file run-v3.cif (mmCIF, N, CA and C atoms)
data_structure
loop_
_atom_site.label_atom_id
_atom_site.label_comp_id
_atom_site.auth_asym_id
_atom_site.auth_seq_id
_atom_site.Cartn_x
_atom_site.Cartn_y
_atom_site.Cartn_z
N MET M 1 93.66 96.98 92.88
CA MET M 1 94.13 96.64 94.21
C MET M 1 92.94 96.69 95.16
N SER M 2 92.70 95.66 95.91
CA SER M 2 91.57 95.66 96.84
C SER M 2 91.88 96.55 98.03
N SER M 3 90.85 96.98 98.75
CA SER M 3 91.05 97.86 99.90
C SER M 3 91.80 97.16 101.02
N GLU M 4 91.83 95.84 101.02
CA GLU M 4 92.56 95.09 102.05
C GLU M 4 94.04 94.96 101.72
N ALA M 5 94.40 95.04 100.46
CA ALA M 5 95.77 94.77 100.04
C ALA M 5 96.67 95.99 100.25
N THR M 6 97.88 95.72 100.68
CA THR M 6 98.90 96.76 100.70
C THR M 6 100.02 96.30 99.78
N CYS M 7 100.79 97.23 99.37
CA CYS M 7 101.85 96.93 98.42
C CYS M 7 103.14 97.58 98.91
N PRO M 8 103.93 96.87 99.73
CA PRO M 8 105.17 97.49 100.22
C PRO M 8 106.22 97.57 99.11
N ILE M 9 106.88 98.70 99.04
CA ILE M 9 107.93 98.96 98.06
C ILE M 9 109.05 99.64 98.81
N THR M 10 110.30 99.22 98.58
CA THR M 10 111.45 99.82 99.25
C THR M 10 112.47 100.25 98.20
N LEU M 11 112.99 101.46 98.38
CA LEU M 11 114.01 102.01 97.50
C LEU M 11 115.16 102.50 98.37
N THR M 12 116.37 102.09 98.05
CA THR M 12 117.55 102.57 98.77
C THR M 12 118.47 103.25 97.76
N VAL M 13 118.81 104.51 98.06
CA VAL M 13 119.67 105.29 97.17
C VAL M 13 120.72 106.03 98.00
N ALA M 14 121.79 106.41 97.34
CA ALA M 14 122.81 107.24 97.99
C ALA M 14 122.21 108.60 98.31
N GLY M 15 122.69 109.22 99.37
CA GLY M 15 122.22 110.54 99.76
C GLY M 15 122.85 111.62 98.88
N ASP M 16 122.56 111.56 97.61
CA ASP M 16 123.13 112.44 96.60
C ASP M 16 121.99 113.22 95.95
N PRO M 17 121.98 114.55 96.06
CA PRO M 17 120.87 115.33 95.50
C PRO M 17 120.60 115.08 94.02
N ARG M 18 121.59 114.59 93.29
CA ARG M 18 121.37 114.29 91.86
C ARG M 18 120.38 113.15 91.67
N LEU M 19 120.10 112.38 92.72
CA LEU M 19 119.15 111.27 92.63
C LEU M 19 117.73 111.66 93.02
N ALA M 20 117.50 112.94 93.27
CA ALA M 20 116.17 113.41 93.68
C ALA M 20 115.11 113.07 92.64
N ARG M 21 115.45 113.17 91.36
CA ARG M 21 114.47 112.87 90.31
C ARG M 21 114.03 111.41 90.37
N LEU M 22 114.97 110.51 90.64
CA LEU M 22 114.63 109.09 90.78
C LEU M 22 113.62 108.88 91.91
N VAL M 23 113.85 109.54 93.03
CA VAL M 23 112.94 109.42 94.17
C VAL M 23 111.58 110.02 93.83
N ARG M 24 111.57 111.20 93.20
CA ARG M 24 110.31 111.86 92.80
C ARG M 24 109.49 110.98 91.87
N MET M 25 110.15 110.43 90.85
CA MET M 25 109.42 109.62 89.86
C MET M 25 108.91 108.33 90.47
N THR M 26 109.68 107.72 91.35
CA THR M 26 109.21 106.50 92.03
C THR M 26 107.98 106.83 92.87
N ALA M 27 108.03 107.94 93.60
CA ALA M 27 106.88 108.34 94.42
C ALA M 27 105.65 108.60 93.56
N ALA M 28 105.82 109.23 92.41
CA ALA M 28 104.69 109.49 91.51
C ALA M 28 104.07 108.19 91.03
N ASN M 29 104.90 107.21 90.69
CA ASN M 29 104.38 105.92 90.25
C ASN M 29 103.66 105.20 91.38
N VAL M 30 104.16 105.31 92.58
CA VAL M 30 103.48 104.71 93.74
C VAL M 30 102.12 105.38 93.93
N GLY M 31 102.06 106.69 93.79
CA GLY M 31 100.79 107.41 93.91
C GLY M 31 99.78 106.95 92.87
N ALA M 32 100.24 106.63 91.69
CA ALA M 32 99.35 106.14 90.64
C ALA M 32 98.74 104.79 91.00
N LEU M 33 99.46 103.98 91.79
CA LEU M 33 98.91 102.71 92.25
C LEU M 33 97.69 102.91 93.13
N CYS M 34 97.63 104.07 93.76
CA CYS M 34 96.55 104.39 94.69
C CYS M 34 95.40 105.11 93.99
N SER M 35 95.50 105.31 92.69
CA SER M 35 94.48 106.00 91.90
C SER M 35 94.24 107.42 92.40
N MET M 36 95.31 108.12 92.74
CA MET M 36 95.19 109.50 93.20
C MET M 36 95.05 110.44 92.01
N SER M 37 94.50 111.61 92.28
CA SER M 37 94.39 112.63 91.24
C SER M 37 95.79 113.14 90.88
N VAL M 38 95.87 113.82 89.75
CA VAL M 38 97.14 114.38 89.31
C VAL M 38 97.68 115.36 90.35
N ASP M 39 96.81 116.17 90.94
CA ASP M 39 97.24 117.13 91.96
C ASP M 39 97.80 116.42 93.19
N ARG M 40 97.16 115.35 93.60
CA ARG M 40 97.62 114.62 94.79
C ARG M 40 98.93 113.89 94.50
N ILE M 41 99.08 113.37 93.29
CA ILE M 41 100.35 112.76 92.90
C ILE M 41 101.46 113.80 92.94
N GLU M 42 101.15 115.02 92.54
CA GLU M 42 102.16 116.09 92.62
C GLU M 42 102.53 116.37 94.08
N ASP M 43 101.57 116.29 94.99
CA ASP M 43 101.87 116.43 96.43
C ASP M 43 102.82 115.33 96.89
N ILE M 44 102.57 114.11 96.43
CA ILE M 44 103.44 112.98 96.80
C ILE M 44 104.85 113.20 96.26
N ARG M 45 104.94 113.63 95.02
CA ARG M 45 106.25 113.90 94.42
C ARG M 45 107.00 114.96 95.22
N MET M 46 106.30 116.05 95.57
CA MET M 46 106.93 117.13 96.31
C MET M 46 107.38 116.65 97.69
N ALA M 47 106.52 115.91 98.37
CA ALA M 47 106.87 115.41 99.70
C ALA M 47 108.09 114.48 99.63
N ALA M 48 108.10 113.60 98.65
CA ALA M 48 109.23 112.66 98.51
C ALA M 48 110.52 113.42 98.24
N GLU M 49 110.46 114.40 97.37
CA GLU M 49 111.68 115.16 97.05
C GLU M 49 112.16 115.94 98.26
N GLU M 50 111.27 116.59 98.97
CA GLU M 50 111.68 117.38 100.13
C GLU M 50 112.26 116.49 101.24
N ALA M 51 111.65 115.34 101.46
CA ALA M 51 112.18 114.41 102.47
C ALA M 51 113.55 113.90 102.05
N PHE M 52 113.73 113.63 100.78
CA PHE M 52 115.02 113.17 100.27
C PHE M 52 116.08 114.26 100.43
N ILE M 53 115.75 115.49 100.06
CA ILE M 53 116.69 116.61 100.20
C ILE M 53 117.02 116.84 101.67
N PHE M 54 116.03 116.69 102.54
CA PHE M 54 116.28 116.76 103.98
C PHE M 54 117.37 115.76 104.36
N GLY M 55 117.24 114.53 103.86
CA GLY M 55 118.23 113.50 104.15
C GLY M 55 119.59 113.81 103.58
N CYS M 56 119.61 114.46 102.43
CA CYS M 56 120.89 114.83 101.82
C CYS M 56 121.65 115.86 102.66
N THR M 57 120.94 116.61 103.51
CA THR M 57 121.59 117.59 104.38
C THR M 57 122.13 116.94 105.66
N ALA M 58 121.75 115.69 105.90
CA ALA M 58 122.14 115.02 107.14
C ALA M 58 123.63 114.70 107.16
N VAL M 59 124.20 114.77 108.35
CA VAL M 59 125.60 114.39 108.58
C VAL M 59 125.62 112.89 108.84
N ASP M 60 126.61 112.19 108.32
CA ASP M 60 126.78 110.75 108.49
C ASP M 60 125.63 109.94 107.89
N CYS M 61 125.12 110.41 106.77
CA CYS M 61 124.06 109.70 106.05
C CYS M 61 124.61 109.32 104.69
N ASP M 62 124.90 108.04 104.52
CA ASP M 62 125.41 107.57 103.23
C ASP M 62 124.27 107.17 102.30
N ASP M 63 123.41 106.28 102.79
CA ASP M 63 122.28 105.80 102.01
C ASP M 63 120.98 106.24 102.66
N ILE M 64 119.98 106.44 101.81
CA ILE M 64 118.64 106.79 102.27
C ILE M 64 117.72 105.67 101.81
N THR M 65 116.99 105.10 102.76
CA THR M 65 116.03 104.04 102.45
C THR M 65 114.63 104.62 102.57
N ILE M 66 113.85 104.42 101.53
CA ILE M 66 112.46 104.89 101.50
C ILE M 66 111.57 103.67 101.41
N LYS M 67 110.74 103.49 102.41
CA LYS M 67 109.77 102.41 102.40
C LYS M 67 108.41 103.02 102.08
N PHE M 68 107.84 102.62 100.96
CA PHE M 68 106.52 103.06 100.55
C PHE M 68 105.52 102.00 100.99
N ASP M 69 104.40 102.44 101.49
CA ASP M 69 103.30 101.55 101.83
C ASP M 69 102.06 102.15 101.19
N VAL M 70 101.47 101.42 100.27
CA VAL M 70 100.35 101.96 99.51
C VAL M 70 99.17 101.01 99.53
N ASP M 71 98.00 101.58 99.65
CA ASP M 71 96.76 100.86 99.43
C ASP M 71 95.79 101.85 98.77
N GLU M 72 94.54 101.49 98.63
CA GLU M 72 93.60 102.36 97.93
C GLU M 72 93.33 103.68 98.64
N SER M 73 93.65 103.75 99.93
CA SER M 73 93.29 104.94 100.69
C SER M 73 94.44 105.88 101.01
N HIS M 74 95.69 105.43 100.84
CA HIS M 74 96.80 106.31 101.22
C HIS M 74 98.13 105.84 100.62
N VAL M 75 99.10 106.73 100.69
CA VAL M 75 100.49 106.39 100.44
C VAL M 75 101.27 106.81 101.68
N GLY M 76 101.96 105.86 102.27
CA GLY M 76 102.84 106.15 103.38
C GLY M 76 104.28 106.04 102.90
N MET M 77 105.13 106.92 103.39
CA MET M 77 106.55 106.88 103.05
C MET M 77 107.34 107.05 104.34
N THR M 78 108.27 106.14 104.56
CA THR M 78 109.17 106.25 105.70
C THR M 78 110.59 106.35 105.17
N PHE M 79 111.22 107.47 105.46
CA PHE M 79 112.59 107.74 105.04
C PHE M 79 113.50 107.46 106.23
N THR M 80 114.46 106.57 106.04
CA THR M 80 115.42 106.23 107.10
C THR M 80 116.80 106.67 106.62
N PHE M 81 117.50 107.39 107.49
CA PHE M 81 118.77 108.01 107.11
C PHE M 81 119.99 107.40 107.79
N GLY M 82 119.80 106.36 108.57
CA GLY M 82 120.93 105.70 109.20
C GLY M 82 121.01 105.97 110.69
N ASP M 83 121.64 105.04 111.39
CA ASP M 83 121.72 105.11 112.85
C ASP M 83 122.51 106.30 113.35
N GLN M 84 123.51 106.76 112.60
CA GLN M 84 124.37 107.86 113.04
C GLN M 84 124.00 109.21 112.43
N ALA M 85 123.02 109.23 111.55
CA ALA M 85 122.67 110.46 110.84
C ALA M 85 122.06 111.50 111.78
N SER M 86 122.38 112.74 111.53
CA SER M 86 121.79 113.86 112.28
C SER M 86 121.71 115.07 111.36
N VAL M 87 120.82 115.99 111.71
CA VAL M 87 120.61 117.19 110.90
C VAL M 87 120.77 118.41 111.79
N ASP M 88 121.49 119.40 111.30
CA ASP M 88 121.61 120.68 111.99
C ASP M 88 120.25 121.36 111.91
N GLU M 89 119.63 121.60 113.05
CA GLU M 89 118.28 122.17 113.08
C GLU M 89 118.22 123.58 112.51
N ASP M 90 119.38 124.23 112.35
CA ASP M 90 119.43 125.57 111.76
C ASP M 90 119.71 125.55 110.27
N ASP M 91 119.95 124.38 109.70
CA ASP M 91 120.22 124.27 108.26
C ASP M 91 118.97 124.71 107.50
N GLN M 92 119.11 125.73 106.66
CA GLN M 92 117.95 126.30 105.97
C GLN M 92 117.26 125.32 105.03
N ALA M 93 118.03 124.44 104.38
CA ALA M 93 117.41 123.45 103.50
C ALA M 93 116.56 122.49 104.31
N ALA M 94 117.03 122.07 105.48
CA ALA M 94 116.26 121.16 106.33
C ALA M 94 115.02 121.85 106.89
N VAL M 95 115.16 123.10 107.29
CA VAL M 95 114.02 123.86 107.82
C VAL M 95 112.95 124.01 106.74
N TYR M 96 113.36 124.36 105.52
CA TYR M 96 112.42 124.52 104.41
C TYR M 96 111.74 123.19 104.09
N ALA M 97 112.51 122.10 104.06
CA ALA M 97 111.94 120.79 103.77
C ALA M 97 110.87 120.43 104.79
N GLU M 98 111.15 120.66 106.06
CA GLU M 98 110.17 120.34 107.10
C GLU M 98 108.91 121.20 106.98
N LEU M 99 109.06 122.45 106.60
CA LEU M 99 107.91 123.33 106.39
C LEU M 99 107.02 122.79 105.27
N ILE M 100 107.62 122.41 104.17
CA ILE M 100 106.86 121.86 103.04
C ILE M 100 106.18 120.55 103.45
N LEU M 101 106.90 119.66 104.14
CA LEU M 101 106.33 118.38 104.55
C LEU M 101 105.13 118.57 105.46
N ALA M 102 105.24 119.50 106.40
CA ALA M 102 104.13 119.75 107.32
C ALA M 102 102.89 120.29 106.60
N SER M 103 103.09 121.01 105.50
CA SER M 103 101.95 121.59 104.80
C SER M 103 101.34 120.65 103.76
N VAL M 104 102.12 119.73 103.20
CA VAL M 104 101.64 118.87 102.11
C VAL M 104 101.08 117.54 102.63
N CYS M 105 101.65 117.01 103.68
CA CYS M 105 101.28 115.67 104.17
C CYS M 105 100.09 115.73 105.11
N ASP M 106 99.29 114.67 105.10
CA ASP M 106 98.20 114.56 106.07
C ASP M 106 98.75 114.30 107.46
N SER M 107 99.85 113.55 107.53
CA SER M 107 100.58 113.41 108.79
C SER M 107 102.06 113.33 108.48
N TYR M 108 102.85 113.86 109.40
CA TYR M 108 104.29 113.96 109.22
C TYR M 108 104.93 113.85 110.60
N GLU M 109 105.94 112.97 110.72
CA GLU M 109 106.62 112.81 111.99
C GLU M 109 108.11 112.64 111.74
N LYS M 110 108.91 113.33 112.55
CA LYS M 110 110.37 113.20 112.49
C LYS M 110 110.83 112.61 113.81
N THR M 111 111.68 111.59 113.73
CA THR M 111 112.33 111.05 114.93
C THR M 111 113.83 111.24 114.76
N SER M 112 114.54 111.34 115.88
CA SER M 112 115.96 111.65 115.79
C SER M 112 116.89 110.48 116.07
N ALA M 113 116.41 109.42 116.68
CA ALA M 113 117.31 108.30 116.99
C ALA M 113 116.63 106.97 116.68
N PRO M 114 116.80 106.42 115.53
CA PRO M 114 117.54 106.92 114.36
C PRO M 114 116.74 107.99 113.64
N LEU M 115 117.44 108.79 112.84
CA LEU M 115 116.80 109.86 112.10
C LEU M 115 115.88 109.27 111.02
N THR M 116 114.59 109.55 111.16
CA THR M 116 113.61 109.09 110.18
C THR M 116 112.55 110.17 109.96
N LEU M 117 111.92 110.12 108.81
CA LEU M 117 110.74 110.92 108.52
C LEU M 117 109.64 109.95 108.10
N SER M 118 108.48 110.09 108.72
CA SER M 118 107.32 109.27 108.36
C SER M 118 106.24 110.18 107.82
N LEU M 119 105.82 109.91 106.59
CA LEU M 119 104.84 110.76 105.90
C LEU M 119 103.64 109.91 105.52
N ASP M 120 102.47 110.52 105.54
CA ASP M 120 101.27 109.85 105.09
C ASP M 120 100.44 110.84 104.28
N LEU M 121 100.02 110.42 103.11
CA LEU M 121 99.18 111.22 102.25
C LEU M 121 97.97 110.39 101.86
N LYS M 122 96.79 110.91 102.14
CA LYS M 122 95.55 110.18 101.86
C LYS M 122 95.11 110.41 100.42
N ALA M 123 94.47 109.39 99.88
CA ALA M 123 93.93 109.46 98.53
C ALA M 123 92.79 110.47 98.50
N ASP M 124 92.60 111.10 97.36
CA ASP M 124 91.54 112.09 97.24
C ASP M 124 90.41 111.67 96.30
N ILE M 125 90.56 110.49 95.68
CA ILE M 125 89.46 109.98 94.85
C ILE M 125 89.24 108.52 95.13
#
call {"tool": "encode", "arguments": {"input": "run-v3.cif", "output": "structure tokens"}}
result
Amino acid sequence: MSSEATCPITLTVAGDPRLARLVRMTAANVGALCSMSVDRIEDIRMAAEEAFIFGCTAVDCDDITIKFDVDESHVGMTFTFGDQASVDEDDQAAVYAELILASVCDSYEKTSAPLTLSLDLKADI
């Protein structure tokens, strides 16, 4: 993949925690497109799973859409949880997910209307 090329990938799944493995494995494969190290791919897998679990805690969230944007220098992931989705800020699973995302991602942003998480992880090789 040239440094100019990006490769958009979109995955839409039900907000069901049983599908976390599907999201994790897709994220790992996307990380491999970026030629990341095994450790950095593990960071991508962890970030994707935590963002997905965050979405599973949301109220009025049926489907979760994950837009991956990858090039040689980074993997970006935008998780969209729906126009009506909201998260209880005191929910321990959501609090834990946000803590992990803030520590693993190079940049992390949460918006509330609509509820989205935007993550960016830079390549390390």
call {"tool": "residues_around", "arguments": {"input": "run-v3.cif", "residues": "M:Asp106", "least_positions_apart": "3", "cutoff": "7 Å", "atoms": "all atoms listed in the file", "output": "CSV table (one decimal) with N, CA and C atoms, keeping the file's coordinate frame"}}
result
chain,number,residue,atom,x,y,z
M,102,ALA,N,105.2,119.5,106.4
M,102,ALA,CA,104.1,119.8,107.3
M,102,ALA,C,102.9,120.3,106.6
M,103,SER,N,103.1,121.0,105.5
M,103,SER,CA,102.0,121.6,104.8
M,103,SER,C,101.3,120.6,103.8
M,119,LEU,N,105.8,109.9,106.6
M,119,LEU,CA,104.8,110.8,105.9
M,119,LEU,C,103.6,109.9,105.5
M,120,ASP,N,102.5,110.5,105.5
M,120,ASP,CA,101.3,109.8,105.1
M,120,ASP,C,100.4,110.8,104.3
M,121,LEU,N,100.0,110.4,103.1
M,121,LEU,CA,99.2,111.2,102.2
M,121,LEU,C,98.0,110.4,101.9
M,122,LYS,N,96.8,110.9,102.1
M,122,LYS,CA,95.6,110.2,101.9
M,122,LYS,C,95.1,110.4,100.4
call {"tool": "residues_around", "arguments": {"input": "run-v3.cif", "residues": "stretch 45-54 of chain M", "least_positions_apart": "6", "cutoff": "10 Å", "atoms": "only C-alpha atoms", "output": "PyMOL selection string"}}
result
chain M and resi 13+15-31+39+64-66+77-81+87+91-105+108+116-121
call {"tool": "closest_residue", "arguments": {"input": "run-v3.cif", "among": "M:Ile44, M:Ile9, M:Cys61, M:Ala123", "to": "M:Gly82", "atoms": "all atoms listed in the file"}}
result
M:Cys61
call {"tool": "residues_near_point", "arguments": {"input": "run-v3.cif", "point": "(94.3, 106.8, 93.3)", "cutoff": "7 Å", "atoms": "all atoms listed in the file", "output": "number ranges by chain"}}
result
M: 31-37, 72, 123-125
call {"tool": "write_last_selection", "arguments": {"input": "run-v3.cif", "atoms": "N, CA and C atoms", "output": "mmCIF file, in the frame of the given file"}}
result
data_model
loop_
_atom_site.group_PDB
_atom_site.id
_atom_site.type_symbol
_atom_site.label_atom_id
_atom_site.label_comp_id
_atom_site.auth_asym_id
_atom_site.auth_seq_id
_atom_site.Cartn_x
_atom_site.Cartn_y
_atom_site.Cartn_z
ATOM 1 N N GLY M 31 102.060 106.690 93.790
ATOM 2 C CA GLY M 31 100.790 107.410 93.910
ATOM 3 C C GLY M 31 99.780 106.950 92.870
ATOM 4 N N ALA M 32 100.240 106.630 91.690
ATOM 5 C CA ALA M 32 99.350 106.140 90.640
ATOM 6 C C ALA M 32 98.740 104.790 91.000
ATOM 7 N N LEU M 33 99.460 103.980 91.790
ATOM 8 C CA LEU M 33 98.910 102.710 92.250
ATOM 9 C C LEU M 33 97.690 102.910 93.130
ATOM 10 N N CYS M 34 97.630 104.070 93.760
ATOM 11 C CA CYS M 34 96.550 104.390 94.690
ATOM 12 C C CYS M 34 95.400 105.110 93.990
ATOM 13 N N SER M 35 95.500 105.310 92.690
ATOM 14 C CA SER M 35 94.480 106.000 91.900
ATOM 15 C C SER M 35 94.240 107.420 92.400
ATOM 16 N N MET M 36 95.310 108.120 92.740
ATOM 17 C CA MET M 36 95.190 109.500 93.200
ATOM 18 C C MET M 36 95.050 110.440 92.010
ATOM 19 N N SER M 37 94.500 111.610 92.280
ATOM 20 C CA SER M 37 94.390 112.630 91.240
ATOM 21 C C SER M 37 95.790 113.140 90.880
ATOM 22 N N GLU M 72 94.540 101.490 98.630
ATOM 23 C CA GLU M 72 93.600 102.360 97.930
ATOM 24 C C GLU M 72 93.330 103.680 98.640
ATOM 25 N N ALA M 123 94.470 109.390 99.880
ATOM 26 C CA ALA M 123 93.930 109.460 98.530
ATOM 27 C C ALA M 123 92.790 110.470 98.500
ATOM 28 N N ASP M 124 92.600 111.100 97.360
ATOM 29 C CA ASP M 124 91.540 112.090 97.240
ATOM 30 C C ASP M 124 90.410 111.670 96.300
ATOM 31 N N ILE M 125 90.560 110.490 95.680
ATOM 32 C CA ILE M 125 89.460 109.980 94.850
ATOM 33 C C ILE M 125 89.240 108.520 95.130
#
call {"tool": "select_by_dssp", "arguments": {"input": "run-v3.cif", "residues": "chain M", "states": "strand (DSSP E or B)", "output": "MDAnalysis selection string"}}
result
chainID M and resid 7:14 59 63:71 74:80 86 107:112 115:122
call {"tool": "decode", "arguments": {"input": "run-v3.cif", "residues": "stretch 41-56 of chain M", "atoms": "N, CA, C and O atoms", "output": "JSON list (two decimals), in the first residue's frame"}}
result
[["chain", "number", "residue", "atom", "x", "y", "z"],
["M", 41, "ILE", "N", -0.52, -4.31, 16.93],
["M", 41, "ILE", "CA", -1.76, -4.96, 16.51],
["M", 41, "ILE", "C", -2.57, -5.37, 17.74],
["M", 41, "ILE", "O", -3.79, -5.25, 17.76],
["M", 42, "GLU", "N", -1.89, -5.81, 18.78],
["M", 42, "GLU", "CA", -2.61, -6.15, 20.02],
["M", 42, "GLU", "C", -3.26, -4.90, 20.62],
["M", 42, "GLU", "O", -4.38, -4.97, 21.15],
["M", 43, "ASP", "N", -2.60, -3.75, 20.53],
["M", 43, "ASP", "CA", -3.21, -2.49, 20.98],
["M", 43, "ASP", "C", -4.47, -2.18, 20.19],
["M", 43, "ASP", "O", -5.48, -1.75, 20.75],
["M", 44, "ILE", "N", -4.41, -2.40, 18.87],
["M", 44, "ILE", "CA", -5.58, -2.15, 18.02],
["M", 44, "ILE", "C", -6.72, -3.10, 18.40],
["M", 44, "ILE", "O", -7.87, -2.68, 18.53],
["M", 45, "ARG", "N", -6.39, -4.35, 18.62],
["M", 45, "ARG", "CA", -7.42, -5.33, 19.02],
["M", 45, "ARG", "C", -8.07, -4.91, 20.33],
["M", 45, "ARG", "O", -9.29, -4.96, 20.48],
["M", 46, "MET", "N", -7.25, -4.51, 21.30],
["M", 46, "MET", "CA", -7.77, -4.12, 22.60],
["M", 46, "MET", "C", -8.65, -2.87, 22.48],
["M", 46, "MET", "O", -9.74, -2.81, 23.06],
["M", 47, "ALA", "N", -8.18, -1.89, 21.72],
["M", 47, "ALA", "CA", -8.96, -0.66, 21.54],
["M", 47, "ALA", "C", -10.30, -0.96, 20.88],
["M", 47, "ALA", "O", -11.35, -0.44, 21.29],
["M", 48, "ALA", "N", -10.28, -1.79, 19.84],
["M", 48, "ALA", "CA", -11.52, -2.12, 19.13],
["M", 48, "ALA", "C", -12.49, -2.84, 20.06],
["M", 48, "ALA", "O", -13.69, -2.54, 20.08],
["M", 49, "GLU", "N", -11.99, -3.77, 20.84],
["M", 49, "GLU", "CA", -12.88, -4.51, 21.74],
["M", 49, "GLU", "C", -13.45, -3.59, 22.81],
["M", 49, "GLU", "O", -14.65, -3.64, 23.11],
["M", 50, "GLU", "N", -12.64, -2.74, 23.40],
["M", 50, "GLU", "CA", -13.13, -1.85, 24.45],
["M", 50, "GLU", "C", -14.15, -0.85, 23.90],
["M", 50, "GLU", "O", -15.16, -0.57, 24.55],
["M", 51, "ALA", "N", -13.91, -0.33, 22.71],
["M", 51, "ALA", "CA", -14.87, 0.59, 22.10],
["M", 51, "ALA", "C", -16.18, -0.13, 21.79],
["M", 51, "ALA", "O", -17.27, 0.42, 21.99],
["M", 52, "PHE", "N", -16.09, -1.36, 21.34],
["M", 52, "PHE", "CA", -17.29, -2.15, 21.05],
["M", 52, "PHE", "C", -18.07, -2.43, 22.34],
["M", 52, "PHE", "O", -19.29, -2.27, 22.38],
["M", 53, "ILE", "N", -17.37, -2.84, 23.40],
["M", 53, "ILE", "CA", -18.03, -3.11, 24.68],
["M", 53, "ILE", "C", -18.65, -1.83, 25.23],
["M", 53, "ILE", "O", -19.76, -1.85, 25.78],
["M", 54, "PHE", "N", -17.98, -0.70, 25.05],
["M", 54, "PHE", "CA", -18.55, 0.59, 25.43],
["M", 54, "PHE", "C", -19.90, 0.76, 24.74],
["M", 54, "PHE", "O", -20.89, 1.12, 25.35],
["M", 55, "GLY", "N", -19.95, 0.48, 23.44],
["M", 55, "GLY", "CA", -21.19, 0.59, 22.68],
["M", 55, "GLY", "C", -22.26, -0.37, 23.14],
["M", 55, "GLY", "O", -23.45, -0.05, 23.13],
["M", 56, "CYS", "N", -21.84, -1.55, 23.57],
["M", 56, "CYS", "CA", -22.80, -2.54, 24.06],
["M", 56, "CYS", "C", -23.48, -2.08, 25.35],
["M", 56, "CYS", "O", -24.57, -2.55, 25.67]]
